[in-house]
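Text of query-v8.tsv (TSV, C-alpha atoms and all ligand atoms) as supplied:
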```tsv
chain	number	residue	atom	x	y	z
A	1	MET	CA	26.86	11.23	42.55
A	2	THR	CA	24.23	12.22	45.09
A	3	THR	CA	23.13	9.34	47.25
A	4	SER	CA	21.65	9.03	50.69
A	5	ARG	CA	23.09	6.75	53.38
A	6	ASN	CA	21.16	4.02	51.64
A	7	ALA	CA	23.45	3.74	48.62
A	8	HIS	CA	20.59	2.62	46.40
A	9	VAL	CA	18.59	5.81	46.77
A	10	LEU	CA	19.44	8.62	44.38
A	11	LEU	CA	18.64	11.95	45.95
A	12	PRO	CA	17.57	15.09	44.08
A	13	GLY	CA	20.65	16.58	42.47
A	14	ALA	CA	21.57	13.25	40.85
A	15	THR	CA	21.55	13.02	37.05
A	16	LEU	CA	19.13	10.71	35.26
A	17	GLY	CA	20.07	9.60	31.77
A	18	ILE	CA	17.59	8.86	29.05
A	19	LEU	CA	18.05	7.20	25.72
A	20	GLY	CA	15.65	8.81	23.23
A	21	GLY	CA	14.60	12.41	22.98
A	22	GLY	CA	10.92	12.27	22.03
A	23	GLN	CA	7.89	13.45	23.95
A	24	LEU	CA	8.05	10.63	26.50
A	25	GLY	CA	11.62	11.64	27.31
A	26	ARG	CA	10.55	15.27	27.50
A	27	MET	CA	7.75	14.61	30.00
A	28	PHE	CA	10.06	12.33	32.02
A	29	ALA	CA	12.66	15.12	32.06
A	30	VAL	CA	10.15	17.72	33.22
A	31	ALA	CA	9.02	15.40	36.04
A	32	ALA	CA	12.65	14.74	37.02
A	33	LYS	CA	13.50	18.41	37.05
A	34	ARG	CA	10.44	19.26	39.11
A	35	LEU	CA	11.84	16.96	41.79
A	36	GLY	CA	15.27	18.58	41.54
A	37	TYR	CA	17.09	15.98	39.46
A	38	ARG	CA	19.22	16.73	36.42
A	39	VAL	CA	18.70	15.06	33.07
A	40	ALA	CA	21.06	13.85	30.33
A	41	VAL	CA	19.66	12.68	26.99
A	42	LEU	CA	21.16	10.78	24.07
A	43	GLU	CA	19.31	11.48	20.82
A	44	PRO	CA	20.47	11.79	17.21
A	45	THR	CA	18.08	14.58	16.17
A	46	PRO	CA	18.98	18.18	17.04
A	47	ASP	CA	16.43	20.26	18.97
A	48	SER	CA	14.49	17.15	20.07
A	49	PRO	CA	11.51	17.46	22.44
A	50	CYS	CA	13.61	16.11	25.33
A	51	GLY	CA	16.82	17.85	24.24
A	52	GLN	CA	15.01	21.18	24.61
A	53	VAL	CA	14.58	20.64	28.35
A	54	ALA	CA	17.51	18.40	29.33
A	55	ASP	CA	20.65	19.64	31.14
A	56	ILE	CA	23.02	17.58	29.02
A	57	VAL	CA	22.36	16.65	25.38
A	58	ILE	CA	24.49	14.04	23.62
A	59	GLU	CA	23.69	14.19	19.93
A	60	ALA	CA	24.53	10.78	18.48
A	61	ALA	CA	23.02	7.57	17.14
A	62	TYR	CA	21.44	5.30	19.77
A	63	THR	CA	23.96	2.62	18.85
A	64	ASP	CA	27.05	4.89	19.08
A	65	GLU	CA	29.18	3.13	21.68
A	66	ALA	CA	31.25	6.16	22.67
A	67	ALA	CA	28.07	8.21	23.10
A	68	LEU	CA	26.46	5.48	25.22
A	69	ARG	CA	29.55	5.52	27.43
A	70	ARG	CA	29.30	9.31	27.76
A	71	LEU	CA	25.63	8.99	28.73
A	72	ALA	CA	26.50	6.40	31.39
A	73	GLU	CA	29.36	8.53	32.72
A	74	ALA	CA	27.12	11.59	32.98
A	75	SER	CA	24.28	9.70	34.68
A	76	ASP	CA	23.61	8.06	38.03
A	77	ALA	CA	20.89	5.86	36.53
A	78	VAL	CA	19.65	5.39	32.98
A	79	THR	CA	16.30	4.72	31.35
A	80	TYR	CA	14.94	4.84	27.81
A	81	GLU	CA	11.72	6.00	26.27
A	82	PHE	CA	10.97	3.49	23.50
A	83	GLU	CA	11.13	-0.29	23.36
A	84	ASN	CA	12.62	-0.63	19.91
A	85	VAL	CA	16.02	0.41	21.24
A	86	ASP	CA	18.78	-2.02	20.35
A	87	ALA	CA	19.10	-4.48	23.26
A	88	ARG	CA	22.90	-4.41	22.79
A	89	ALA	CA	22.90	-0.70	23.63
A	90	VAL	CA	21.10	-1.45	26.89
A	91	GLU	CA	23.47	-4.32	27.65
A	92	LEU	CA	26.43	-1.99	27.12
A	93	LEU	CA	24.92	0.54	29.55
A	94	GLU	CA	24.32	-2.25	32.08
A	95	SER	CA	27.92	-3.43	31.73
A	96	LEU	CA	29.10	0.04	32.76
A	97	GLY	CA	27.74	-0.51	36.24
A	98	LYS	CA	24.94	2.06	36.37
A	99	PRO	CA	21.37	1.03	37.18
A	100	VAL	CA	19.46	0.70	33.87
A	101	HIS	CA	15.69	0.27	33.84
A	102	PRO	CA	13.93	-1.39	32.12
A	103	SER	CA	16.54	-4.15	32.15
A	104	SER	CA	17.77	-5.73	28.94
A	105	ALA	CA	15.99	-8.93	30.02
A	106	ALA	CA	12.61	-7.16	30.21
A	107	LEU	CA	13.36	-5.38	26.96
A	108	ARG	CA	14.07	-8.60	25.06
A	109	ILE	CA	10.68	-10.01	25.99
A	110	THR	CA	8.64	-6.88	25.33
A	111	GLN	CA	10.21	-6.07	21.98
A	112	ASP	CA	9.32	-9.45	20.51
A	113	ARG	CA	5.64	-10.30	20.18
A	114	ILE	CA	6.36	-14.05	20.17
A	115	LEU	CA	8.37	-13.93	23.39
A	116	GLU	CA	5.81	-11.54	24.89
A	117	LYS	CA	2.79	-13.76	24.20
A	118	THR	CA	4.72	-16.84	25.33
A	119	PHE	CA	5.67	-15.03	28.53
A	120	ALA	CA	1.98	-14.18	29.07
A	121	ARG	CA	0.88	-17.78	28.59
A	122	GLU	CA	3.55	-19.05	30.95
A	123	ASN	CA	2.47	-16.56	33.60
A	124	GLY	CA	-1.22	-17.48	33.42
A	125	ILE	CA	-2.22	-14.27	31.63
A	126	PRO	CA	-4.97	-14.74	29.01
A	127	VAL	CA	-3.93	-13.95	25.41
A	128	THR	CA	-5.41	-14.77	22.05
A	129	ASP	CA	-4.39	-17.95	20.18
A	130	PHE	CA	-1.24	-17.38	18.20
A	131	ALA	CA	1.21	-19.20	15.98
A	132	VAL	CA	4.74	-18.45	14.86
A	133	VAL	CA	5.22	-18.00	11.09
A	134	ARG	CA	8.73	-18.32	9.70
A	135	SER	CA	8.03	-18.88	6.00
A	136	GLU	CA	5.38	-18.29	3.36
A	137	ASP	CA	4.47	-21.99	3.38
A	138	GLU	CA	4.00	-21.90	7.13
A	139	ALA	CA	1.77	-18.88	6.66
A	140	ARG	CA	-0.48	-20.84	4.29
A	141	ALA	CA	-0.56	-23.97	6.42
A	142	VAL	CA	-0.41	-22.58	9.93
A	143	TYR	CA	-4.08	-22.24	10.64
A	144	HIS	CA	-7.23	-23.80	9.34
A	145	GLY	CA	-10.61	-22.15	8.78
A	146	ASP	CA	-11.65	-21.57	12.38
A	147	ALA	CA	-8.48	-19.60	13.19
A	148	PHE	CA	-9.32	-16.76	10.83
A	149	PRO	CA	-9.79	-13.84	10.68
A	150	GLY	CA	-6.47	-13.02	12.24
A	151	PHE	CA	-3.70	-10.46	12.40
A	152	LEU	CA	-0.34	-11.25	10.90
A	153	LYS	CA	2.34	-9.15	12.59
A	154	THR	CA	6.08	-8.80	12.48
A	155	ALA	CA	7.45	-10.20	15.73
A	156	ARG	CA	9.75	-7.23	16.15
A	157	GLY	CA	9.85	-3.59	15.24
A	158	GLY	CA	6.17	-2.78	14.65
A	159	TYR	CA	4.29	-0.02	16.44
A	160	ASP	CA	1.09	1.99	15.99
A	161	GLY	CA	-0.23	-0.73	13.68
A	162	LYS	CA	2.83	-0.73	11.42
A	163	GLY	CA	4.05	-4.17	10.34
A	164	GLN	CA	0.68	-5.87	10.61
A	165	ALA	CA	-2.12	-6.99	8.32
A	166	ARG	CA	-5.58	-8.37	8.88
A	167	VAL	CA	-5.92	-11.68	7.06
A	168	ASN	CA	-9.01	-13.81	6.43
A	169	ASN	CA	-7.60	-17.07	5.08
A	170	GLY	CA	-4.39	-18.96	4.37
A	171	ASP	CA	-3.87	-17.35	0.95
A	172	GLU	CA	-4.18	-13.83	2.32
A	173	CYS	CA	-1.91	-14.80	5.16
A	174	ALA	CA	0.72	-16.12	2.74
A	175	ALA	CA	0.52	-12.98	0.59
A	176	ALA	CA	0.91	-10.73	3.63
A	177	ALA	CA	3.79	-12.89	4.88
A	178	ARG	CA	5.53	-12.62	1.50
A	179	ALA	CA	5.29	-8.80	1.63
A	180	MET	CA	6.57	-8.69	5.22
A	181	PHE	CA	9.49	-11.01	4.51
A	182	ALA	CA	10.32	-8.98	1.39
A	183	ALA	CA	10.36	-5.84	3.54
A	184	GLY	CA	12.99	-7.46	5.78
A	185	ALA	CA	10.88	-9.03	8.55
A	186	GLN	CA	12.24	-12.19	10.13
A	187	ASP	CA	9.75	-13.99	12.33
A	188	LEU	CA	6.04	-13.29	12.11
A	189	ILE	CA	3.20	-14.06	14.46
A	190	LEU	CA	-0.35	-14.86	13.44
A	191	GLU	CA	-2.83	-13.87	16.13
A	192	LYS	CA	-6.46	-14.83	16.09
A	193	LEU	CA	-8.72	-11.78	15.97
A	194	VAL	CA	-10.12	-10.91	19.38
A	195	PRO	CA	-13.80	-9.84	19.18
A	196	PHE	CA	-13.22	-7.19	21.82
A	197	GLU	CA	-15.79	-4.74	23.11
A	198	LYS	CA	-13.28	-2.10	24.02
A	199	GLU	CA	-9.58	-1.58	24.56
A	200	ILE	CA	-8.21	-0.53	27.92
A	201	SER	CA	-4.77	-0.24	29.45
A	202	VAL	CA	-3.25	-0.18	32.90
A	203	VAL	CA	-0.23	1.99	33.58
A	204	ALA	CA	1.62	0.63	36.57
A	205	CYS	CA	4.94	1.02	38.28
A	206	ARG	CA	7.21	-1.28	40.27
A	207	GLY	CA	9.78	-0.01	42.67
A	208	ARG	CA	13.23	-1.48	43.21
A	209	ASP	CA	11.91	-3.07	46.40
A	210	GLY	CA	9.09	-4.82	44.51
A	211	SER	CA	6.46	-2.30	45.61
A	212	PHE	CA	3.63	-1.94	43.11
A	213	ALA	CA	1.33	0.91	42.18
A	214	ALA	CA	-1.27	0.96	39.39
A	215	TYR	CA	-3.42	3.74	38.04
A	216	PRO	CA	-7.07	2.90	37.40
A	217	PRO	CA	-7.56	1.29	33.97
A	218	ALA	CA	-7.81	3.75	31.07
A	219	GLU	CA	-10.16	3.29	28.11
A	220	ASN	CA	-8.57	3.82	24.72
A	221	VAL	CA	-9.99	4.67	21.32
A	222	HIS	CA	-7.65	4.29	18.33
A	223	VAL	CA	-8.01	5.93	14.93
A	224	ARG	CA	-6.01	4.34	12.11
A	225	ASN	CA	-4.10	2.39	14.79
A	226	ILE	CA	-2.87	5.54	16.56
A	227	LEU	CA	-4.22	6.26	20.02
A	228	ASP	CA	-6.78	9.04	19.66
A	229	VAL	CA	-8.68	9.43	22.94
A	230	THR	CA	-8.17	8.01	26.43
A	231	VAL	CA	-10.85	8.15	29.12
A	232	LEU	CA	-9.76	7.75	32.72
A	233	PRO	CA	-11.18	5.75	34.43
A	234	ALA	CA	-12.26	3.14	31.86
A	235	ARG	CA	-15.97	2.45	31.80
A	236	VAL	CA	-15.77	-1.22	32.78
A	237	SER	CA	-17.14	-3.30	35.66
A	238	ASP	CA	-15.28	-3.40	38.96
A	239	GLN	CA	-14.46	-7.05	38.24
A	240	SER	CA	-12.92	-6.24	34.86
A	241	ALA	CA	-10.96	-3.36	36.38
A	242	ALA	CA	-9.61	-5.64	39.10
A	243	ALA	CA	-8.68	-8.31	36.54
A	244	ALA	CA	-6.85	-5.69	34.47
A	245	VAL	CA	-4.82	-4.47	37.44
A	246	GLU	CA	-4.05	-8.09	38.37
A	247	ILE	CA	-2.62	-8.66	34.87
A	248	ALA	CA	-0.47	-5.55	35.29
A	249	ARG	CA	0.79	-6.89	38.62
A	250	LYS	CA	1.63	-10.31	37.15
A	251	VAL	CA	3.44	-8.72	34.21
A	252	GLY	CA	5.53	-6.51	36.49
A	253	GLU	CA	6.45	-9.42	38.73
A	254	GLY	CA	7.14	-11.78	35.83
A	255	LEU	CA	9.48	-9.27	34.21
A	256	SER	CA	11.01	-8.19	37.56
A	257	ALA	CA	10.24	-4.75	36.20
A	258	VAL	CA	11.50	-1.58	37.82
A	259	GLY	CA	9.78	1.57	36.65
A	260	THR	CA	6.62	2.55	34.84
A	261	TYR	CA	5.15	0.18	32.28
A	262	CYS	CA	1.83	-0.32	30.55
A	263	VAL	CA	-0.29	-3.32	29.64
A	264	GLU	CA	-2.63	-2.87	26.69
A	265	LEU	CA	-5.69	-5.03	27.12
A	266	PHE	CA	-8.83	-6.22	25.34
A	267	VAL	CA	-12.19	-6.28	27.14
A	268	LEU	CA	-14.32	-9.14	25.81
A	269	PRO	CA	-18.13	-9.03	25.68
A	270	ASP	CA	-18.37	-11.13	28.88
A	271	GLY	CA	-16.05	-8.74	30.72
A	272	ALA	CA	-12.98	-11.03	30.54
A	273	ILE	CA	-9.65	-9.25	30.10
A	274	TRP	CA	-6.96	-10.45	27.69
A	275	LEU	CA	-3.50	-9.03	27.21
A	276	ASN	CA	-2.68	-7.43	23.85
A	277	GLU	CA	0.81	-6.09	24.46
A	278	ILE	CA	3.24	-4.68	27.01
A	279	ALA	CA	5.09	-1.37	26.81
A	280	PRO	CA	7.99	-1.36	29.30
A	281	ARG	CA	7.85	2.43	29.76
A	282	PRO	CA	5.44	5.31	30.31
A	283	HIS	CA	2.66	5.17	27.73
A	284	ASN	CA	0.50	7.53	25.73
A	285	SER	CA	-2.59	6.19	27.50
A	286	GLY	CA	-1.09	7.37	30.81
A	287	HIS	CA	-0.66	11.01	29.82
A	288	ALA	CA	-3.83	12.04	31.65
A	289	THR	CA	-2.06	11.14	34.91
A	290	LEU	CA	-0.05	14.36	34.47
A	291	ASP	CA	-3.13	16.38	35.33
A	292	ALA	CA	-5.60	13.94	36.89
A	293	CYS	CA	-3.26	12.56	39.58
A	294	LEU	CA	-0.89	13.98	42.17
A	295	CYS	CA	1.93	11.78	40.88
A	296	SER	CA	2.09	11.22	37.11
A	297	GLN	CA	3.36	8.13	35.31
A	298	PHE	CA	6.55	10.09	34.55
A	299	GLU	CA	7.18	11.08	38.15
A	300	GLN	CA	6.53	7.47	39.07
A	301	GLN	CA	9.30	6.45	36.64
A	302	VAL	CA	11.65	8.97	38.24
A	303	ARG	CA	10.81	7.69	41.71
A	304	ALA	CA	11.35	4.05	40.73
A	305	LEU	CA	14.63	4.78	38.99
A	306	CYS	CA	15.89	6.63	42.08
A	307	GLY	CA	14.71	4.02	44.59
A	308	MET	CA	12.19	6.44	46.09
A	309	PRO	CA	8.74	5.43	47.38
A	310	LEU	CA	6.13	5.19	44.64
A	311	GLY	CA	3.51	7.96	44.58
A	312	PRO	CA	-0.28	7.98	44.85
A	313	THR	CA	-2.23	6.73	41.81
A	314	SER	CA	-5.80	7.67	42.65
A	315	LEU	CA	-7.62	10.12	40.40
A	316	LEU	CA	-8.24	13.62	41.66
A	317	ARG	CA	-10.97	13.85	39.01
A	318	PRO	CA	-12.09	11.79	36.00
A	319	ALA	CA	-10.39	12.88	32.80
A	320	ALA	CA	-10.20	12.51	29.05
A	321	MET	CA	-7.04	12.96	27.02
A	322	VAL	CA	-6.98	13.61	23.29
A	323	ASN	CA	-3.90	13.42	21.12
A	324	LEU	CA	-3.05	16.27	18.80
A	325	VAL	CA	-1.74	14.60	15.66
A	326	GLY	CA	-0.39	16.41	12.60
A	327	ASP	CA	-2.57	16.17	9.48
A	328	GLY	CA	-0.19	17.59	6.89
A	329	ASN	CA	-2.05	20.90	6.60
A	330	GLY	CA	0.57	23.01	8.36
A	331	ASP	CA	2.76	23.24	11.44
A	332	ILE	CA	0.84	25.83	13.45
A	333	LEU	CA	-1.98	24.82	15.75
A	334	HIS	CA	-4.74	27.40	15.46
A	335	GLY	CA	-7.23	27.78	18.32
A	336	VAL	CA	-4.78	27.31	21.18
A	337	ASP	CA	-5.78	30.65	22.73
A	338	ALA	CA	-9.44	29.62	22.96
A	339	LEU	CA	-8.45	26.23	24.37
A	340	LEU	CA	-6.38	27.87	27.08
A	341	ALA	CA	-9.37	30.00	28.09
A	342	GLU	CA	-11.09	26.79	29.26
A	343	PRO	CA	-11.03	26.21	33.03
A	344	ASP	CA	-10.68	22.40	33.05
A	345	VAL	CA	-8.08	21.92	30.33
A	346	ALA	CA	-4.35	21.22	30.52
A	347	LEU	CA	-2.43	21.52	27.24
A	348	HIS	CA	0.89	19.81	26.54
A	349	LEU	CA	2.78	20.55	23.31
A	350	TYR	CA	5.98	18.67	22.59
A	351	GLY	CA	8.03	21.41	20.93
A	352	LYS	CA	8.14	19.74	17.51
A	353	ALA	CA	8.64	22.22	14.68
A	354	LYS	CA	7.02	20.16	11.92
A	355	ALA	CA	3.58	18.55	11.98
A	356	PRO	CA	3.48	15.99	9.15
A	357	LYS	CA	0.46	13.72	8.86
A	358	GLY	CA	0.31	11.20	11.70
A	359	ARG	CA	2.96	12.78	13.94
A	360	LYS	CA	2.06	13.13	17.62
A	361	MET	CA	2.52	16.85	18.32
A	362	GLY	CA	0.91	17.19	21.73
A	363	HIS	CA	-2.16	16.33	23.76
A	364	PHE	CA	-4.61	17.96	26.08
A	365	THR	CA	-6.52	16.64	29.04
A	366	VAL	CA	-9.97	17.73	30.16
A	367	LEU	CA	-11.05	17.11	33.75
A	368	GLY	CA	-14.74	16.53	34.32
A	369	GLY	CA	-17.43	15.25	36.64
A	370	SER	CA	-17.25	11.90	34.83
A	371	GLY	CA	-15.09	10.31	32.16
A	372	THR	CA	-18.01	10.49	29.76
A	373	SER	CA	-18.58	14.23	30.20
A	374	ALA	CA	-14.85	14.92	30.03
A	375	GLU	CA	-14.63	12.91	26.79
A	376	ALA	CA	-17.55	14.77	25.21
A	377	ARG	CA	-16.03	18.13	26.10
A	378	ALA	CA	-12.57	17.07	24.91
A	379	ARG	CA	-13.94	16.04	21.52
A	380	GLU	CA	-15.84	19.33	21.18
A	381	LEU	CA	-12.76	21.31	22.04
A	382	ARG	CA	-10.52	19.42	19.66
A	383	ALA	CA	-12.97	20.04	16.82
A	384	GLN	CA	-12.22	23.75	17.28
A	385	LEU	CA	-8.48	23.27	16.73
A	386	ARG	CA	-6.92	23.28	13.27
A	387	TRP	CA	-3.46	22.73	11.83
A	388	GLY	CA	-2.49	25.45	9.35
A	389	THR	CA	0.22	27.78	8.19
A	401	LIG	P1	-0.89	-3.70	18.32
A	401	LIG	O1	0.17	-2.92	17.60
A	401	LIG	O2	-0.61	-5.14	18.40
A	401	LIG	O3	-1.27	-3.09	19.64
A	401	LIG	O4	-2.20	-3.55	17.40
A	401	LIG	C1	-2.78	-2.30	17.11
A	401	LIG	C2	-4.28	-2.39	17.19
A	401	LIG	O5	-4.78	-3.38	16.26
A	401	LIG	C3	-4.81	-2.84	18.55
A	401	LIG	O6	-4.90	-1.75	19.43
A	401	LIG	C4	-6.17	-3.43	18.16
A	401	LIG	O7	-7.11	-2.39	17.96
A	401	LIG	C5	-5.88	-4.09	16.84
A	401	LIG	N1	-5.49	-5.49	17.07
A	401	LIG	C6	-4.24	-5.95	17.16
A	401	LIG	N2	-4.23	-7.29	17.39
A	401	LIG	C7	-5.51	-7.68	17.44
A	401	LIG	C8	-6.16	-8.94	17.63
A	401	LIG	N3	-5.48	-10.09	17.80
A	401	LIG	N4	-7.51	-8.96	17.62
A	401	LIG	C9	-8.22	-7.82	17.43
A	401	LIG	N5	-7.67	-6.61	17.24
A	401	LIG	C10	-6.33	-6.53	17.23
```

Structure re-expressed in structure tokens:
Amino acid sequence: MTTSRNAHVLLPGATLGILGGGQLGRMFAVAAKRLGYRVAVLEPTPDSPCGQVADIVIEAAYTDEAALRRLAEASDAVTYEFENVDARAVELLESLGKPVHPSSAALRITQDRILEKTFARENGIPVTDFAVVRSEDEARAVYHGDAFPGFLKTARGGYDGKGQARVNNGDECAAAARAMFAAGAQDLILEKLVPFEKEISVVACRGRDGSFAAYPPAENVHVRNILDVTVLPARVSDQSAAAAVEIARKVGEGLSAVGTYCVELFVLPDGAIWLNEIAPRPHNSGHATLDACLCSQFEQQVRALCGMPLGPTSLLRPAAMVNLVGDGNGDILHGVDALLAEPDVALHLYGKAKAPKGRKMGHFTVLGGSGTSAEARARELRAQLRWGT
């Protein structure tokens, strides 16, 4: 183990372990390696995006106890890249005496929408009205007319809009609940629809010493519930931006978080900011920080995990990020050469061999004079790309 005289600081040369080998793990690994750290990854799929760049690859199920022990042995500190990881796996890693961030306590709250919204309420963070639904009858009775339309969601396990349905009355709510229970869901949550004007997020980081750093709020556009475009900074008032960062600060403190996390937020017509959900890890809406900031959300995660000072979060230039999502028409992205001829573009591809419909394959970021001009250019440039054979 490489430590400084302060035993809590992991110096470059130490090995950082990561559970999960997707693109978030890959970008974390690249940031770690740029600072001179080594990376170990546990991931069941061969040739994973993170496995391609890690020093040590343990190919096993996330719940494989022997593999988790090997990851802990190989690593000086451990993190993970997705919040649907089994909390017992994280508890096992914690019991082996290595620093693990996010902690299992933070994980438990953020992987359950009921606990998450209750946590928000208890910490004075505005959220929409919600009710817990544990049976079909509860679904029919839970809310009366003024509570609809709403979103019925599985409390656990959903992402990118999976495991949720928009419902307009008690009967629709009961029917959606029946389908979700039949599919294996346990608890459900009914949230009142928020008449938001736009969706924004704040990517923030907390150090082991409680230090806090937040990037400016990002503005997010979703298509079919998958993040499509992020504009940095969000086009919101200074007051809304400050309220958003304040929510991020409260969330980090309330969870005693260490590391990078993201709060997804709704902006209401009067500028008020409400929390939608928390991701206890680097987030897709923070990818523009790789190219628009000196210290990216991934480097920030490395710094926090190692007990290093957090890095600067100001924007060098406004930016827009667009996701490159497979559409089922082929695995080769045509037009990359023309894209790379552009002066203000940074392309990131995740090394995935197959591009089925809906799979996040990469992203690119355009820097501009303003978020609006960067967004317009990014959309133009993406229109020139095509998946094919
Ligand atoms: P989630 O997985 O909870 O982030 O939901 C995915 C997307 O569905 C959000 O980004 C919103 O666009 C929309 N959505 C979810 N919950 C609500 C809500 N209570 N009111 C309005 N829109 C919602």

Original post:
Smallest atom-to-atom distance to A:Leu315: which of A:Pro102, A:Ala376, A:Val258, A:Cys295, using only C-alpha atoms?
Top reply: A:Cys295

**OP:** Could I get the residue neighbourhood of ligand LIG 401 (chain A) at 9 Å, counting all atoms listed in the file, as a ChimeraX atom specification?
**Re:** /A:113,127-130,149-153,158-164,166,190-196,198-199,220-227,264-266,276-278

Put those residues in a file: C-alpha atoms, as a compact mmCIF listing (two decimals), in the frame of the given file.
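Result file follows (again_9.txt):
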```txt
# COMPACT_ATOMS: atom_id res chain seq x y z
CA ARG A 113 5.64 -10.30 20.18
CA VAL A 127 -3.93 -13.95 25.41
CA THR A 128 -5.41 -14.77 22.05
CA ASP A 129 -4.39 -17.95 20.18
CA PHE A 130 -1.24 -17.38 18.20
CA PRO A 149 -9.79 -13.84 10.68
CA GLY A 150 -6.47 -13.02 12.24
CA PHE A 151 -3.70 -10.46 12.40
CA LEU A 152 -0.34 -11.25 10.90
CA LYS A 153 2.34 -9.15 12.59
CA GLY A 158 6.17 -2.78 14.65
CA TYR A 159 4.29 -0.02 16.44
CA ASP A 160 1.09 1.99 15.99
CA GLY A 161 -0.23 -0.73 13.68
CA LYS A 162 2.83 -0.73 11.42
CA GLY A 163 4.05 -4.17 10.34
CA GLN A 164 0.68 -5.87 10.61
CA ARG A 166 -5.58 -8.37 8.88
CA LEU A 190 -0.35 -14.86 13.44
CA GLU A 191 -2.83 -13.87 16.13
CA LYS A 192 -6.46 -14.83 16.09
CA LEU A 193 -8.72 -11.78 15.97
CA VAL A 194 -10.12 -10.91 19.38
CA PRO A 195 -13.80 -9.84 19.18
CA PHE A 196 -13.22 -7.19 21.82
CA LYS A 198 -13.28 -2.10 24.02
CA GLU A 199 -9.58 -1.58 24.56
CA ASN A 220 -8.57 3.82 24.72
CA VAL A 221 -9.99 4.67 21.32
CA HIS A 222 -7.65 4.29 18.33
CA VAL A 223 -8.01 5.93 14.93
CA ARG A 224 -6.01 4.34 12.11
CA ASN A 225 -4.10 2.39 14.79
CA ILE A 226 -2.87 5.54 16.56
CA LEU A 227 -4.22 6.26 20.02
CA GLU A 264 -2.63 -2.87 26.69
CA LEU A 265 -5.69 -5.03 27.12
CA PHE A 266 -8.83 -6.22 25.34
CA ASN A 276 -2.68 -7.43 23.85
CA GLU A 277 0.81 -6.09 24.46
CA ILE A 278 3.24 -4.68 27.01
```

Subject >> Contacts of A:Thr79 within 8 Å, all atoms listed in the file, excl. fewer than 5 positions in-chain, as JSON, numbers by chain >> reply: {"A": [16, 17, 18, 19, 100, 101, 102, 305]}

Grab the residues selected above and save them as a PDB file, in the coordinates of the input with C-alpha atoms.
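The file below, part-v4.pdb, is the result:
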```pdb
ATOM      1  CA  LEU A  16      19.130  10.710  35.260  1.00  0.00           C
ATOM      2  CA  GLY A  17      20.070   9.600  31.770  1.00  0.00           C
ATOM      3  CA  ILE A  18      17.590   8.860  29.050  1.00  0.00           C
ATOM      4  CA  LEU A  19      18.050   7.200  25.720  1.00  0.00           C
ATOM      5  CA  VAL A 100      19.460   0.700  33.870  1.00  0.00           C
ATOM      6  CA  HIS A 101      15.690   0.270  33.840  1.00  0.00           C
ATOM      7  CA  PRO A 102      13.930  -1.390  32.120  1.00  0.00           C
ATOM      8  CA  LEU A 305      14.630   4.780  38.990  1.00  0.00           C
TER       9      LEU A 305
END
```

**OP:** Find, counting only C-alpha atoms, the residue in A:Ala374, A:His283, A:Ala31, A:Gly20 that gets nearest to A:Glu43.
**Re:**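 With only C-alpha atoms as the atom set, the closest residue is A:Gly20.
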
**OP:** Go through A:Leu255, A:Ala77, A:Leu11, A:Ala204 and flag the residue nearest A:Leu115, using all atoms listed in the file for the distances.
**Re:** A:Leu255

**OP:** Find, counting all atoms listed in the file, the residue in A:Ala243, A:Asp171, A:Gly307, A:Asn329 that gets nearest to A:Arg208.
**Re:**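 For A:Arg208, the nearest of the given residues is A:Gly307.
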
**OP:** Just give me the gap between atom CA of A:Val39 and atom CA of A:Ser75 in Å, one decimal is fine.
**Re:**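 Calculated distance between atom CA of A:Val39 and atom CA of A:Ser75 is 7.9 Å.
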
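With distances restricted to only C-alpha atoms, A:Arg317 is the closest residue to A:Leu232 from A:Lys33, A:Lys98, A:Arg88, A:Arg317.
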
Original post:
Given the choices A:Ala378, A:Val85, A:Val203, A:Val229, which gets closest to A:Tyr62 if the distance is worked out from all atoms listed in the file?
Top reply: A:Val85

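The space separating atom CA of A:Val245 from atom CA of A:Leu347 comes to 28.0 Å.
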
**OP:** Write out as a ChimeraX atom specification the residues lying within 9 Å of A:Ala292, counting all atoms listed in the file and excluding same-chain residues fewer than 5 positions away.
**Re:** /A:232,314-319,365-367

Taking the block above, write stretch 213-217 of chain A with N, CA, C and O atoms as a compact mmCIF listing (two decimals), in the first residue's frame.
```
# COMPACT_ATOMS: atom_id res chain seq x y z
N ALA A 213 -17.39 20.37 -3.08
CA ALA A 213 -17.18 21.08 -4.33
C ALA A 213 -18.33 20.71 -5.27
O ALA A 213 -18.71 19.53 -5.34
N ALA A 214 -18.91 21.70 -5.94
CA ALA A 214 -20.02 21.42 -6.87
C ALA A 214 -19.74 22.08 -8.20
O ALA A 214 -19.26 23.21 -8.26
N TYR A 215 -20.02 21.36 -9.26
CA TYR A 215 -19.97 21.96 -10.59
C TYR A 215 -21.22 22.81 -10.78
O TYR A 215 -22.24 22.60 -10.10
N PRO A 216 -21.17 23.77 -11.70
CA PRO A 216 -22.40 24.54 -11.96
C PRO A 216 -23.51 23.58 -12.41
O PRO A 216 -23.22 22.55 -13.01
N PRO A 217 -24.77 23.92 -12.11
CA PRO A 217 -25.87 23.04 -12.54
C PRO A 217 -25.83 22.80 -14.05
O PRO A 217 -25.46 23.68 -14.82
```
